[in-house]
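Okay, structure first, notes after.
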Amino acid sequence: MKRNFSRFVPLCGLPSFLLSAFVLPLTAADIIDPPLVMGANAIDPTGGSESGTQTVDQTAPGSFSQAELEALPDLGAIQDFTGWGIQGVTSYLIFTDERRADVKGTYENLTGSTAGGATNIGSQKTSDGKGIKINSGSTKSTVLNIDFGSATYSGSLAAFDSLAKAPTAAGLTISGLNNVSTNVTVIFYGTDDTTPLFTGTAAKYVNGLDPDVSDGNTYGSDAYVGYHATGTGAMSGIGKIRIQTNQVLGASAGIGIDDLAYTASGKAYYMSGTGSGLADGSNFSNALPFAKIRSTLNATMVAGDTLYLASGTYTVTGTRSLDITTSGSAGKPKRVVGVSSGTSRPVLVGANWSPANPSGTNPSSPTTTPYCIKLDAGNNRGVSHWEFENLELRNVIYGVEAEPRNTPPHGNLVFRNLKIHDVRYGLRMMYCNDVTVENVSAERYTRSGFHMEFGCNRVNFNNCTADNSGGDPAWWNYSESIPYGFVAAASGSEAANADLSFTNCLSKNNRFNNGQQTFWNGDGFDTEEKTIRTTFTGCISINNEDAGFDCKQATNTTMNFKNCRSLRNSIGFKAWSGTFDFNNCVAAFNWRRGTASIVSGTVTKALTNDVDGFAVQNGVATINYCTVLISGTDSPQPPPVIFGLRQRYSGTVTTGGVVTGSDNIIAFGGTFGGTVSGQSIGAFVGSYRFTGTATGGTLQIVNSATYKYGDPLPPLFVDPNPNWDGHGQNMDSDTYGLTKGYHSARP
């Protein structure tokens with residue numbers, strides 16, 4: 001579904017005879033993304049703040065209970081129908097979430113009826129916000145059809161496919177039943193909109209039947225009607241609900257429909273460790289066994305279906321793993337959703353994995369489970385339109401592995417609310433397009449948390465965390481050379497990774513004690529030279545061996561950093577090639593390991609790490625409203641030179657980089673902080689005073705504040721604590737406020 005509000009154009013200045021054409025009766029009312037309420041009391045909530053809101057006192061015989069529906073993982077209730085059209089107007093509820101069916105509301109038998117539409121009358125709703133009023137005058141009956149489907153919307157409704165999507169369960173409330181002369185009939189139809197599934201009856205008011213006196217009203221009985229489809233074919237979902245009033249009494253009274261609740265579209269299957277009951281997957285009481293995981297995902301489920309996996313620990317083996325070989329379709333993804341039906345989310349555990357043998361290649365070790373989730377359709381084909389949510393994955397080589405398949409590549413994938421730990425790779429992707437990774441954590445990995453090898457395009461990471469050690473320093477004995485939190489690794493002749501975004505992500509503790517490297521390494525965020533168009537927004541990188549952000553990219557492309565914080569890393573931001581834009585970023589408390597050279601195996605690890613706030617090599621960087629705070633006391637061993645900002649170039653090229661910017665704060669807090677202007681080592685030049693040039697490169701920062709220990713006018717940071725976690729006002733400057741340097745309040 002597409003949204004485009006271009007239809008809202010001004011009408012002023014048109015001739016009157018043309019303007020009259022725009023004053024025709026309204027024919028449709030569109031409500032975009034009405035809020036959904038999930039969980040217990042989503043239907044008929046208690047404690048509404050609005051006066052007169054009703055409380056249900058009868059359930060239509062044969063209905064699935066409110067509690068049964070509210071326990072379904074994806075059931076969401078609409079409690080506010082503000083914008084719903086008057087009777088005679090077609091109304092649409094349109095969701096940008098492709099999993100949620102859109103709704104079309106139409107009326108029948110309107111002769112003699114009054115306006116109806118959205119109502120705020122307390123006697124005609126069961127929750128705060130507006131309900132839907134049905135009013136047929138004093139003699140006529142009126143029908144309200146609620147049709148589930150899929151809308152095509154681009155500024156205005158272009159089409160509605162009533163058979164495209166259908167929830168498996170739905171329910172609603174009816175209030176004001178003292179205003180009908182006969183019972184109200186509610187019919188639930190199947191996915192074809194014609195096969196009857198269930199008929200519920202909401203009884204008209206009978207004197208004394210209305211016990212909800214606590215709401216301060218005596219308007220008559222208020223009812224709930226609900227159904228859960230568990231059949232096959234047309235009986236596998238609910239395509240339409242028909243509400244027939246059978247004569248409403250009173251020209252202005254009417255009844256109200258409220259708390260329309262329904263599940264995401266597609267058929268639902270339920271699975272537990274050993275299964276239960278009929279083991280047909282119709283609900284958790286009749287759950288499928290985990291032994292059928294592969295056949296359920298790839299043979300039983302079709303596009304739009306969801307598998308709900310119960311709490312518990314599942315041992316993943318070569319035949320019992322989420323081995324994905326089929327696909328969903330556009331608007332109808334296949335989904336695997338963990339349900340916290342017990343004490344926690346379901347846990348998928350591999351066999352025989354050890355951090356001492358992370359790749360599982362030691363022939364003397366037992367066979368290691370390679371992955372929890374693998375994407376591979378075979379014959380070089382990728383899979384598409386899958387979503388994985390609320391799972392824990394551990395003790396495998398790969399938590400998630402997308403195999404290198406590109407005819408076609410993998411696509412339209414969502415990973416949400418996953419916890420991955422004790423692995424070699426958390427999530428490793430090759431040839432993956434249009435991917436969302438949201439609220440996923442990777443901890444205690446030996447190689448990398450989130451790894452885009454090559455050929456990945458339009459990948460968005462939101463609120464994700466990579467923590468190499470998980471807070472246990474002993475883990476660094478197992479970390480492999482150059483551990484990464486997030487990495488886009490394509491280089492050389494490999495297919496590029498393009499259009500990547502990282503928003504509010506955290507990477508920390510990427511370090512290692514062993515390995516054959518002469519340079520201490522390990523980065524929070526790393527991109528290699530085949531990376532194109534990348535943005536970092538609100539990201540934090542803490543306590544990494546080398547750089548917080550170590551970024552290369554293809555030439556003639558741009559990388560953007562906004563509101564990012566790099567703390568307790570050897571180098572805050574390392575920018576190599578292409579164009580970089582840094583805005584409102586901070587690099588502070590830079591650190592480097594050791595007090596002397598260390599022998600590791602046959603390699604001597606020398607203390608060669610520089611300590612920089614920003615280091616730009618062979619690139620063009622603009623640095624505005626950024627802060628650098630470097631103190632020698634934060635590092636166990638003084639490095640050769642400490643730089644706040646520097647431009648440097650490689651001896652293999654003749655043209656160096658250009659660094660410009662303004663309104664920054666560069667501060668050195670240590671007794672040896674602050675290099676002398678013109679200080680040079682090898683082939684680079686720079687200083688905290690921002691003057692000087694190098695062959696083929698320039699460094700020019702203006703309107704900025706510089707400070708070293710002992711200078712007047714310190715920046716007076718709010719709380720420059722080396723243990724700062726990147727949140728809050730610690731590195732805001734009381735001296736300069738919003739005029740210079742990083743500030744937590746800057747948008």
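Residue numbering restarts at 1 in every chain; chains get A, B, ... in the order shown in the structure tokens, and ligands count up from 1 in that same order.
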Residues of range 262-479 of chain A classed as strand (DSSP E or B) by DSSP on the backbone are to be reported as a PyMOL selection string. chain A and resi 262+265+268-272+288-289+306-309+313-315+322-324+329+332+334-338+347-349+354+357+371-375+378+381+384-402+406+409-430+432-438+441-454+457-462+465-467
Give me the residues within 9 Å of range 409-422 of chain A as a PyMOL selection string, counting only C-alpha atoms and dropping any in the same chain fewer than 5 places off. chain A and resi 330+333+353-355+375-376+380-397+399-400+402-404+427+430-446+449+455+470
Can you tell me, as a PyMOL selection string, what residues are no more than 12 Å from range 149-154 of chain A when counting only C-alpha atoms, ignoring any on the same chain fewer than 6 positions away? chain A and resi 1-8+30-32+91-105+160-167+191-193+237-241+264-266+330-332
Output C-alpha atoms for every residue in that selection, as a compact mmCIF listing (two decimals), in the first residue's frame.
```txt
# COMPACT_ATOMS: atom_id res chain seq x y z
CA MET A 1 0.00 0.00 0.00
CA LYS A 2 1.37 3.39 -0.96
CA ARG A 3 0.70 6.71 0.70
CA ASN A 4 0.78 9.99 -1.18
CA PHE A 5 -1.18 12.98 0.00
CA SER A 6 -0.91 14.90 -3.24
CA ARG A 7 -4.69 14.92 -3.61
CA PHE A 8 -4.99 17.75 -1.07
CA ASP A 30 -10.19 7.33 4.63
CA ILE A 31 -8.62 6.69 8.05
CA ILE A 32 -4.88 6.03 7.80
CA SER A 91 -15.30 4.31 4.99
CA TYR A 92 -11.84 2.75 4.83
CA LEU A 93 -9.37 1.84 7.55
CA ILE A 94 -6.00 1.70 5.79
CA PHE A 95 -2.81 0.31 7.34
CA THR A 96 0.75 0.78 6.14
CA ASP A 97 1.61 -2.50 7.91
CA GLU A 98 1.30 -5.03 5.10
CA ARG A 99 0.40 -7.76 7.59
CA ARG A 100 -2.77 -5.98 8.67
CA ALA A 101 -5.86 -6.26 6.49
CA ASP A 102 -7.46 -2.99 5.48
CA VAL A 103 -11.19 -2.51 6.15
CA LYS A 104 -14.00 -1.27 3.95
CA GLY A 105 -17.22 -0.21 5.69
CA PHE A 160 -9.93 -2.32 -2.80
CA ASP A 161 -9.42 -6.06 -3.17
CA SER A 162 -11.91 -7.65 -0.79
CA LEU A 163 -10.40 -11.13 -1.19
CA ALA A 164 -6.71 -10.27 -0.79
CA LYS A 165 -6.38 -10.49 3.00
CA ALA A 166 -8.40 -12.04 5.78
CA PRO A 167 -7.74 -12.26 9.53
CA THR A 191 -12.34 -15.62 3.02
CA ASP A 192 -14.61 -15.70 -0.07
CA ASP A 193 -17.00 -13.23 1.65
CA GLY A 237 -10.19 -16.81 7.75
CA ILE A 238 -12.77 -14.06 8.13
CA GLY A 239 -13.42 -12.06 4.98
CA LYS A 240 -16.44 -10.04 6.08
CA ILE A 241 -18.65 -9.25 9.08
CA ALA A 264 -2.97 -10.06 11.11
CA SER A 265 -3.91 -11.69 7.81
CA GLY A 266 -3.09 -15.24 6.79
CA ALA A 330 4.43 -9.07 -1.76
CA GLY A 331 2.07 -8.00 1.00
CA LYS A 332 1.85 -11.61 2.24
```
Report as number ranges by chain all protein, DNA and RNA residues lying within 9 Å of Gly522 in chain A, evaluated on only C-alpha atoms, omitting residues in the same chain fewer than 6 positions from it. A: 481-485, 509-512, 544-548
I'd like to know which residues of range 198-348 of chain A are helix (DSSP H, G or I) (by DSSP, run on the backbone); could you write them as a list in words? Val213, Ser214, Asp215, Gly233, Ala234, Met235, Ser236, Phe284, Ser285, Asn286, Phe290, Ala291, Lys292, Ile293, Arg294, Ser295, Thr296, Leu297, Asn298, Ala299 and Thr300 of chain A
Shell of 9 Å around Pro346 in chain A, only C-alpha atoms, local chain residues under 4 positions omitted, as a compact mmCIF listing (two decimals) with N, CA and C atoms, in the first residue's frame:
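So out-v7.txt came out as:
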```txt
# COMPACT_ATOMS: atom_id res chain seq x y z
N LEU A 309 5.53 -20.03 17.64
CA LEU A 309 6.33 -21.02 18.34
C LEU A 309 6.28 -20.74 19.84
N ALA A 310 5.88 -21.74 20.60
CA ALA A 310 5.68 -21.56 22.04
C ALA A 310 7.00 -21.43 22.77
N SER A 311 6.94 -20.90 23.99
CA SER A 311 8.13 -20.85 24.85
C SER A 311 8.70 -22.24 25.03
N GLY A 312 10.00 -22.27 25.27
CA GLY A 312 10.66 -23.54 25.49
C GLY A 312 12.03 -23.54 24.86
N THR A 313 12.80 -24.58 25.11
CA THR A 313 14.13 -24.74 24.52
C THR A 313 14.07 -25.81 23.45
N TYR A 314 14.49 -25.47 22.25
CA TYR A 314 14.42 -26.35 21.09
C TYR A 314 15.84 -26.67 20.62
N GLY A 338 7.92 -16.02 17.78
CA GLY A 338 8.01 -16.66 19.08
C GLY A 338 7.00 -16.05 20.04
N VAL A 339 6.39 -16.88 20.85
CA VAL A 339 5.38 -16.44 21.80
C VAL A 339 5.87 -16.75 23.21
N SER A 340 5.84 -15.76 24.06
CA SER A 340 6.25 -15.98 25.45
C SER A 340 5.10 -16.60 26.23
N SER A 341 4.79 -17.83 25.87
CA SER A 341 3.66 -18.52 26.50
C SER A 341 4.04 -19.07 27.86
N GLY A 342 5.34 -19.14 28.16
CA GLY A 342 5.79 -19.60 29.46
C GLY A 342 6.57 -18.50 30.15
N ASN A 390 10.90 -12.37 17.74
CA ASN A 390 10.81 -12.79 19.14
C ASN A 390 11.38 -14.20 19.37
N LEU A 391 12.61 -14.41 18.92
CA LEU A 391 13.29 -15.69 19.09
C LEU A 391 14.65 -15.47 19.74
N GLU A 392 15.16 -16.49 20.42
CA GLU A 392 16.52 -16.48 20.93
C GLU A 392 17.30 -17.58 20.22
N LEU A 393 18.47 -17.25 19.70
CA LEU A 393 19.29 -18.17 18.92
C LEU A 393 20.67 -18.25 19.57
```
